[in-house]
Structure formats: C-alpha cells, structure tokens
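A.B. asks: One structure follows; several queries about it will come next.
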Amino acid sequence: MEFGEEGRTWIAGLPALAASMLERWGLQRDGAARAGQTSLVLPVLRPDGTPAVLRLQMPRPETSAALLGLRAWNGSGTVRLLDHDALSSSMLLERLEAPRTLASVNDDDQAMSTLAELHARLVAVPAPEGLRGLGDIAGDMLDQAPQAITKPADPADRQLLRSWTSVVAEPAGEPGDRLLHWDLHFDNVLAAQREPWIAIYPEPLAGDPGFDLWPALDSRWDDVVAKGDTQRIVRRRFDLLTDVLGLDRARATGWTLGRLLQNALWDIDDGETRLAPSYVAVADSLLDR
C-alpha cells in the first residue's frame with residue numbers, strides 16, 4: 001500500500017472498518033480475503049444467502065469516480081454495485097467467477113471481439129456529472145510535455161514524444177462525453193452467470209472512446225511479442241475495436257497516441273529515461289501502415 005502516512009493510517013483502521021461494514025449490511029464472511037494495491041476484498045454472504053464481495057478502499061478521487069460510473073452503468077456490462085458507503089468508499093458488489101478472465105480465451109480475435117462488444121456497450125452511456133473530463137487531462141499533458149520531452153536519454157524517444165504531443169493537440173478541443181472504463185483489458189473482464197463476461201475495476205472518465213483503446217491493444221503483451229508479428233496483431237486488434245465501436249480510425253489513432261503520451265509522462269515523472277518498448281511498438285504499428 002502506498003500513500004504514505006495516510007495509507008498506513010487507513011490500513012491500521014481496516015479491521016474496525018471491515019467489522020463496521022459487515023454489521024451494517026448484515027454480511028457473513030465466506031472465504032479468504034484478497035488484497036490489492038489499494039483495496040481489500042472480502043467474499044461475503046448477504047442476509048438472504050446471496051454471494052457478494054465487500055471491497056474496502058481508501059477514499060480517493062478514483063474511488064469516487066468508480067461509484068459514479070458503476071451507478072451509471074447499473075450492472076449493464078459491469079459488475080453490479082449492490083450498496084455503498086460514500087464516506088468510507090466501501091462497496092458491496094456482486095460476486096463473479098474471479099478465477100476466469102477473458103485472458104483465458106486463447107483465440108485472440110475471439111477475445112478481442114468479445115472485449116470490443118463489451119466496450120461498445122460501456123461507451124454507449126453518456127458520462128454522468130462529476131467525472132473528470134478528457135479535455136482537462138489532454139490540457140495537462142500538453143502543459144507537461146515540453147519539460148518531460150527533455151528527459152529521455154535517446155534522441156529517438158524525444159522525437160517520438162514531440163510527435164505524440166503534436167498529434168494529440170489536434171483532437172484535444174473535442175474531448176468527447178462518453179463514459180469510459182479507462183482500464184478495459186483482458187484481465188479486467190471476468191466470466192459470470194448473469195452475463196457471459198463482465199467488466200471490473202473501472203476508473204471512469206468522461207471522453208472520447210478512442211482514448212480507451214490502449215489497454216485492449218496492450219493485453220497479453222508478452223504473448224503478442226512472442227508470436228513475432230507484433231505489427232499485424234496490433235493492427236488487427238485496432239481494426240476490430242474501431243469497427244465494433246464505430247470509430248474514425250484517424251481520430252482513434254490520435255487519441256491512442258495521446259494515451260501513450262500519458263503513460264510516458266507518468267513513467268518520466270517516476271524517473272524513467274527510456275520509452276517502454278511496448279509504447280513504441282503500438283505507435284509504430286498504427287502509424288506505419
């Protein structure tokens with residue numbers, strides 16, 4: 001757990017918080033707890049015996065956004081929010097078949113088509129009031145980029161950053177208003193009984209669906225590289241996604257480069273001096289065709 005002293009204080013209060021939420025919603029523990037970077041998940045049974053999960057997480061802007069998004073989707077294509085406590089950011093969620101993700105589907109076209117169809121359902125919903133918008137994010141990136149571009153050691157990396165910055169400046173004035181998941185990849189799609197596949201762990205954002213494609217393109221990246229035909233696979237994935245979502249490919253390319261720029265800016269802020277090879281490969285695949 002990160003977040004310094006605030007995080008340590010939150011962890012120290014977890015037992016009391018868990019006990020409070022279990023009592024408040026009449027829940028019984030039903031299996032081992034699972035811990036993530038920023039949350040604790042407890043399998044539980046509701047008073048009527050229905051399986052569910054209690055997700056305890058630090059109150060942060062991201063958790064507030066997740067509540068807004070889950071309420072707007074209302075279980076259509078996403079995990080269903082059964083109850084929540086706004087003050088503590090605790091969520092009571094339906095229980096899914098956690099061990100089986102979309103990454104278990106070996107056929108890449110089938111897996112990507114499934115993800116694309118789910119993605120199309122999610123972005124069909126307009127973003128609710130209160131979510132951060134892609135326009136603000138794009139503006140921040142364009143402000144940060146000039147200084148960040150000087151940090152990479154390789155001149156080729158610096159040139160790529162200049163190029164991505166130039167490209168994202170064009171659509172930044174029309175950022176879109178769809179409800180984006182922002183982290184929709186194979187491992188964030190679980191099998192379920194209510195629907196065949198359901199998205200989990202959204203980090204909702206208001207914006208253009210083209211900005212939401214990179215996690216899908218990056219899914220199972222080690223397998224993509226191992227097959228030795230990276231450009232063909234990335235292009236095939238991109239074409240499947242843009243076809244199903246009905247996106248203009250030139251605009252979607254621009255926003256995908258914007259997403260790569262965002263990732264690179266985060267990496268540089270963390271001290272990286274080289275662009276990740278996967279970023280370069282995705283950019284080359286979309287531009288060199």
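Lettering and numbering for the structure tokens are positional, with chains as A, B, ... in the shown order, residues counted from 1 in each chain, and ligands counted from 1 in the shown order.
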Based on the backbone DSSP call, show me all residues of segment 253-282 of chain A assigned helix (DSSP H, G or I), as a PyMOL selection string.
C.D. replies: chain A and resi 253-269+277-282
A.B. asks: So that I can see what lies close to segment 257-267 of chain A, please list as number ranges by chain the residues with an atom at most 10 Å from it, counting only C-alpha atoms and leaving out residues fewer than 5 positions away in the same chain.
C.D. replies: A: 137-138, 140-142, 144-145, 147-149, 152, 160-169, 171-172, 182, 210-215, 251-252, 272-276, 278-280, 282-283, 286-287
A.B. asks: Counting only C-alpha atoms, which residue out of A:Asp288, A:Glu23, A:Glu6, A:Glu203 sits closest to Pro61 of chain A?
C.D. replies: A:Glu203
A.B. asks: As a list in words, please: the residues near Val79 of chain A (cut-off 7 Å, only C-alpha atoms, same-chain neighbours under 5 positions excluded).
C.D. replies: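 These residues fall inside the cut-off: Leu93, Glu94, Ile198, Ala199 and Ile200 of chain A.
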A.B. asks: With C-alpha atoms retained, write the just-selected residues as an mmCIF file, in the first residue's frame.
C.D. replies:
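Contents of the output file selection12.cif:
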data_model
loop_
_atom_site.group_PDB
_atom_site.id
_atom_site.type_symbol
_atom_site.label_atom_id
_atom_site.label_comp_id
_atom_site.auth_asym_id
_atom_site.auth_seq_id
_atom_site.Cartn_x
_atom_site.Cartn_y
_atom_site.Cartn_z
ATOM 1 C CA LEU A 93 -20.534 -5.773 -5.198
ATOM 2 C CA GLU A 94 -21.971 -8.853 -6.844
ATOM 3 C CA ILE A 198 -18.494 -8.527 -17.140
ATOM 4 C CA ALA A 199 -16.035 -5.632 -16.728
ATOM 5 C CA ILE A 200 -14.487 -4.950 -13.324
#
A.B. asks: Can you tell me which residues surround segment 223-228 of chain A at a distance of at most 10 Å, considering only C-alpha atoms, apart from same-chain residues fewer than 5 positions away, and format the answer as a ChimeraX atom specification?
C.D. replies: /A:108,217-218,233-234,278,281
A.B. asks: Need the shell around segment 24-26 of chain A: protein/DNA/RNA residues with any atom at most 7 Å away, counting only C-alpha atoms. Skip same-chain ones fewer than 4 positions apart. Format as a PyMOL selection string?
C.D. replies: chain A and resi 20+46-47
A.B. asks: With C-alpha atoms retained, export the selected residues as a short mmCIF file (atom, residue, chain, number, x, y, z; two decimals), in the first residue's frame.
C.D. replies:
data_model
loop_
_atom_site.label_atom_id
_atom_site.label_comp_id
_atom_site.auth_asym_id
_atom_site.auth_seq_id
_atom_site.Cartn_x
_atom_site.Cartn_y
_atom_site.Cartn_z
CA SER A 20 -18.49 -1.96 10.76
CA ARG A 46 -25.78 -11.32 2.27
CA PRO A 47 -28.60 -11.91 4.77
#
A.B. asks: As a ChimeraX atom specification, please: all residues of segment 27-229 of chain A that backbone DSSP puts in strand (DSSP E or B).
C.D. replies: /A:28-29,34-35,39-45,51-57,78,81-85,90-94,97-101,126,133,178-180,189-191,197-199,205-207
A.B. asks: For Ala116 of chain A, list every protein, DNA or RNA residue within 10 Å, evaluated using only C-alpha atoms, and leave out those in the same chain fewer than 4 positions away; present the list as a list of chain:residue names.
C.D. replies: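 Skipping anything fewer than 4 positions along the chain leaves A:Gln110, A:Ala111, A:Met112, A:Ala120, A:Arg121, A:Leu122, A:Leu184, A:His185, A:Leu213, A:Ala216, A:Arg237, A:Phe238, A:Leu240, A:Leu241, A:Thr242, A:Asp243, A:Val244, A:Leu245.
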A.B. asks: Go through A:Leu81, A:Ala18, A:Leu42, A:Val105 one by one, measure the shortest atom-to-atom distance of each to Pro202 of chain A using only C-alpha atoms, and give the residue with the smallest value.
C.D. replies: A:Leu81
A.B. asks: For Ser64 of chain A, which residue among A:Pro196, A:Pro43, A:Pro204, A:Gly36 is the nearest when counting only C-alpha atoms?
C.D. replies: A:Pro204
